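Next comes final.txt, with compact mmCIF, C-alpha atoms.
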```txt
# COMPACT_ATOMS: atom_id res chain seq x y z
CA MET U 1 132.08 13.45 77.98
CA PHE U 2 133.11 15.94 80.68
CA LEU U 3 134.73 14.33 83.73
CA GLN U 4 134.49 16.16 87.02
CA ARG U 5 137.67 16.16 89.10
CA THR U 6 137.49 14.50 92.50
CA LYS U 7 138.73 16.08 95.70
CA SER U 8 141.89 14.00 95.56
CA ASP U 9 142.71 15.39 92.09
CA LYS U 10 142.45 19.00 93.21
CA THR U 11 145.44 21.03 94.30
CA ASP U 12 145.71 22.47 97.80
CA GLU U 13 144.89 25.89 96.39
CA GLU U 14 141.78 24.61 94.62
CA LEU U 15 140.53 22.94 97.80
CA LEU U 16 141.14 26.16 99.75
CA VAL U 17 139.21 28.21 97.21
CA GLN U 18 136.32 25.73 97.32
CA TYR U 19 136.22 25.74 101.12
CA ARG U 20 136.35 29.53 101.29
CA SER U 21 133.58 29.86 98.72
CA ASP U 22 131.01 27.42 100.11
CA HIS U 23 132.33 26.59 103.64
CA ASN U 24 131.80 22.90 102.92
CA LEU U 25 133.83 20.95 105.48
CA GLU U 26 134.43 18.13 103.00
CA TRP U 27 136.89 20.37 101.13
CA LEU U 28 138.70 21.26 104.33
CA SER U 29 138.80 17.67 105.53
CA SER U 30 140.15 16.47 102.20
CA LEU U 31 142.90 19.10 102.35
CA TYR U 32 143.74 18.48 106.00
CA LEU U 33 143.88 14.73 105.49
CA ARG U 34 146.87 15.26 103.15
CA TYR U 35 148.83 16.85 105.99
CA THR U 36 147.62 14.95 109.05
CA SER U 37 150.87 13.00 109.34
CA LEU U 38 152.90 16.20 109.10
CA VAL U 39 150.75 17.90 111.76
CA TYR U 40 150.94 14.83 114.00
CA GLY U 41 154.73 14.75 113.64
CA VAL U 42 155.02 18.43 114.54
CA CYS U 43 152.73 17.99 117.53
CA LEU U 44 154.59 14.90 118.68
CA LYS U 45 157.90 16.74 118.35
CA TYR U 46 156.75 19.62 120.55
CA LEU U 47 154.32 17.94 122.95
CA ARG U 48 156.32 14.70 123.32
CA ASN U 49 153.24 12.71 124.18
CA ARG U 50 151.29 10.62 121.67
CA GLU U 51 147.86 11.25 123.21
CA ASP U 52 148.46 15.00 123.51
CA ALA U 53 149.67 15.04 119.90
CA LYS U 54 146.54 13.22 118.73
CA ASP U 55 144.37 15.67 120.66
CA ALA U 56 146.27 18.58 119.15
CA VAL U 57 145.71 17.24 115.62
CA MET U 58 141.96 17.30 116.26
CA GLN U 59 142.06 20.75 117.89
CA ILE U 60 144.02 22.14 114.95
CA HIS U 61 141.46 20.71 112.52
CA GLU U 62 138.70 22.49 114.44
CA LYS U 63 140.63 25.78 114.53
CA LEU U 64 141.23 25.59 110.77
CA MET U 65 137.54 26.07 110.03
CA ASP U 66 137.70 29.70 111.15
CA SER U 67 141.38 30.45 110.56
CA LEU U 68 141.28 29.61 106.86
CA LEU U 69 138.34 31.97 106.41
CA GLN U 70 140.23 34.82 108.12
CA HIS U 71 143.72 34.42 106.62
CA GLU U 72 145.06 34.35 103.08
CA VAL U 73 147.10 31.18 102.63
CA SER U 74 149.32 30.84 99.58
CA ASN U 75 151.31 27.72 100.57
CA PHE U 76 149.17 25.46 102.73
CA ARG U 77 151.94 22.99 103.62
CA SER U 78 154.20 25.67 105.10
CA TRP U 79 151.28 27.49 106.68
CA ILE U 80 149.87 24.38 108.39
CA TYR U 81 153.34 23.51 109.71
CA VAL U 82 153.67 26.95 111.35
CA PHE U 83 150.03 26.86 112.49
CA ALA U 84 150.58 23.47 114.17
CA ARG U 85 153.85 24.59 115.75
CA ASN U 86 152.23 27.76 117.14
CA HIS U 87 149.31 25.73 118.48
CA CYS U 88 151.73 23.40 120.29
CA LEU U 89 153.81 26.28 121.67
CA MET U 90 150.67 27.96 123.02
CA HIS U 91 149.62 24.63 124.56
CA LEU U 92 153.04 24.22 126.19
CA ARG U 93 152.88 27.75 127.61
CA SER U 94 149.52 26.97 129.15
CA MET U 95 150.93 23.77 130.66
CA LYS U 96 154.03 25.29 132.29
CA GLY U 97 155.26 23.21 135.17
CA LYS U 98 154.39 19.81 133.73
CA THR U 99 157.22 17.57 132.59
CA ALA U 100 157.60 15.93 129.18
CA VAL U 101 159.43 12.83 128.02
CA GLU U 102 161.95 13.05 125.16
CA ILE U 103 160.93 11.07 122.07
CA SER U 104 163.51 10.01 119.53
CA VAL U 105 163.08 10.47 115.78
CA GLU U 106 162.66 6.70 115.49
CA GLY U 107 159.53 6.94 117.64
CA MET U 108 157.83 9.29 115.20
CA GLU U 109 155.14 7.97 112.89
CA ASN U 110 156.98 9.38 109.86
CA GLY U 111 160.70 9.81 109.46
CA ILE U 112 162.40 13.17 109.71
CA SER U 113 162.36 13.45 105.90
CA MET U 114 158.61 14.14 106.06
CA HIS U 115 159.15 17.27 108.14
CA PRO U 116 160.52 20.61 107.01
CA HIS U 117 164.15 21.05 108.03
CA GLU U 118 164.52 22.83 111.31
CA ASP U 119 167.63 23.38 113.35
CA SER U 120 168.29 24.69 116.83
CA SER U 121 168.61 28.25 115.51
CA LEU U 122 164.83 28.28 114.97
CA GLU U 123 164.25 27.55 118.66
CA LYS U 124 166.70 30.31 119.58
CA ASN U 125 164.88 32.70 117.25
CA VAL U 126 161.55 31.82 118.85
CA GLU U 127 163.01 32.51 122.30
CA ARG U 128 164.44 35.83 121.09
CA LEU U 129 161.10 36.73 119.56
CA GLU U 130 159.27 35.94 122.81
CA LYS U 131 161.67 38.19 124.76
CA CYS U 132 161.20 41.00 122.25
CA ILE U 133 157.40 40.64 122.45
CA GLU U 134 157.63 41.01 126.24
CA ARG U 135 159.52 44.31 125.75
CA LEU U 136 156.77 45.86 123.61
CA ALA U 137 154.51 48.54 125.08
CA GLY U 138 151.34 47.08 126.62
CA GLU U 139 148.94 47.91 123.78
CA GLN U 140 151.38 46.79 121.09
CA ARG U 141 152.16 43.55 122.94
CA GLN U 142 148.48 42.80 123.42
CA CYS U 143 147.54 43.46 119.77
CA VAL U 144 150.59 41.68 118.32
CA THR U 145 149.94 38.63 120.52
CA LEU U 146 146.27 38.44 119.57
CA PHE U 147 146.99 38.95 115.86
CA TYR U 148 150.01 36.70 115.34
CA LEU U 149 149.79 34.12 118.11
CA LYS U 150 146.03 33.83 118.61
CA ASP U 151 145.19 34.30 114.89
CA GLN U 152 142.57 36.98 115.53
CA CYS U 153 141.54 39.54 112.92
CA TYR U 154 141.65 43.32 113.45
CA LYS U 155 137.91 43.50 114.12
CA ASP U 156 138.04 40.77 116.80
CA ILE U 157 141.04 42.42 118.45
CA ALA U 158 139.22 45.77 118.52
CA GLY U 159 136.22 44.07 120.14
CA ALA U 160 138.33 42.21 122.70
CA THR U 161 140.50 45.17 123.69
CA GLY U 162 138.14 48.10 123.24
CA PHE U 163 140.68 49.87 121.00
CA GLU U 164 139.49 51.59 117.84
CA LEU U 165 140.15 49.63 114.65
CA SER U 166 142.65 52.24 113.44
CA LYS U 167 144.51 52.00 116.76
CA VAL U 168 144.66 48.21 116.52
CA LYS U 169 146.22 48.47 113.04
CA SER U 170 148.66 51.09 114.30
CA TYR U 171 149.66 49.06 117.37
CA ILE U 172 150.27 45.98 115.22
CA GLN U 173 152.26 47.90 112.60
CA ASN U 174 154.38 49.71 115.23
CA GLY U 175 154.75 46.51 117.24
CA LYS U 176 156.01 44.68 114.15
CA ARG U 177 158.55 47.46 113.51
CA ASN U 178 159.68 47.43 117.13
CA LEU U 179 160.03 43.63 117.05
CA ARG U 180 162.20 43.88 113.94
CA ILE U 181 164.40 46.50 115.61
CA CYS U 182 164.67 44.42 118.78
CA LEU U 183 165.58 41.27 116.85
CA GLU U 184 168.20 43.12 114.78
CA LYS U 185 169.82 44.51 117.94
CA ASN U 186 170.11 41.02 119.39
CA ASP U 187 171.97 39.60 116.35
```

Just dump the structure as structure tokens.
Amino acid sequence: MFLQRTKSDKTDEELLVQYRSDHNLEWLSSLYLRYTSLVYGVCLKYLRNREDAKDAVMQIHEKLMDSLLQHEVSNFRSWIYVFARNHCLMHLRSMKGKTAVEISVEGMENGISMHPHEDSSLEKNVERLEKCIERLAGEQRQCVTLFYLKDQCYKDIAGATGFELSKVKSYIQNGKRNLRICLEKND
């Protein structure tokens, strides 16, 4: 007798393939449920507020529906960690001027062992990257920001900016090269 595998038996990659093929939200929810604690921990670390972190977990789940259809993901755990971190950083930028309360590791739902190792050099690198993005030419900065930080595809960027698709690709490629040069100079 042939036994069909349940969602919980499937690998992350299998769930991603299923979701991308039939857009059934059950596949996505099953996959996301595996990493909800990780995402919550990341959000709590950056937002430093339990309610904001819970809201962010839900917002990230909603954003995944489109993002996973637009982006190739080979390692979901790493990708969702970065996706959650970027979501929180964008939220913090939009909330400039509001204060946050420091939360200790003990206050987190899961211990630090459940989170990928991160040291202060990552924060410094993010700050350096932000400064380098600000130094890019206007078109490059706009396209790089929309592509990497807002998770938009080339076609959407072309529609939003009015640039031709080939120009969008060129601005992103040149912007990436200029960011690399800028970051290497600052080492």

- [ ] Dig up all the protein and nucleic acid residues within 12 Å of (150.5, 38.9, 117.4) in the file frame, using only C-alpha atoms, and format them as a PyMOL selection string.
- [x] chain U and resi 86+129-130+132-134+136+139-154+157+168-169+171-176+179

Task: Residue with smallest distance to His71 in chain U - pool U:Phe163, U:Phe83, U:Tyr35, U:Trp27, counting all atoms listed in the file - done: U:Phe83

TODO: Have a look at U:Ile80, U:Val126, U:Cys88, U:Leu64 and name the one nearest to Cys43 in chain U; count all atoms listed in the file.
DONE: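 For Cys43 in chain U, the nearest of the given residues is U:Cys88.
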
- [ ] Record the distance separating CA of Arg20 in chain U and CA of Gln70 in chain U, expressed in Å with one decimal.
- [x] 9.5 Å

Open item on the list: Between CA of Tyr40 in chain U and CA of His91 in chain U, what distance in Å does the model show, to one decimal?
Closed with: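 Going from CA of Tyr40 in chain U over to CA of His91 in chain U covers 14.5 Å.
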
Task: Among the residues U:Thr36, U:Ser74, U:Thr11, U:Gln59, the one that comes closest to His87 in chain U [using all atoms listed in the file] - done: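 Ranking U:Thr36, U:Ser74, U:Thr11, U:Gln59 by distance to His87 in chain U, first place goes to U:Gln59.
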
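Going from CA of Ala137 in chain U to CA of Ser67 in chain U covers 26.7 Å.
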
Can you tell me which residues surround Ala53 in chain U at a distance of at most 9 Å, considering all atoms listed in the file, apart from same-chain residues fewer than 6 positions away, and format the answer as a PDB file with C-alpha atoms, in the frame of the given file?
```pdb
ATOM      1  CA  VAL U  39     150.750  17.900 111.760  1.00  0.00           C
ATOM      2  CA  TYR U  40     150.940  14.830 114.000  1.00  0.00           C
ATOM      3  CA  GLY U  41     154.730  14.750 113.640  1.00  0.00           C
ATOM      4  CA  VAL U  42     155.020  18.430 114.540  1.00  0.00           C
ATOM      5  CA  CYS U  43     152.730  17.990 117.530  1.00  0.00           C
ATOM      6  CA  LEU U  44     154.590  14.900 118.680  1.00  0.00           C
ATOM      7  CA  LYS U  45     157.900  16.740 118.350  1.00  0.00           C
ATOM      8  CA  TYR U  46     156.750  19.620 120.550  1.00  0.00           C
ATOM      9  CA  LEU U  47     154.320  17.940 122.950  1.00  0.00           C
ATOM     10  CA  CYS U  88     151.730  23.400 120.290  1.00  0.00           C
TER      11      CYS U  88
END
```
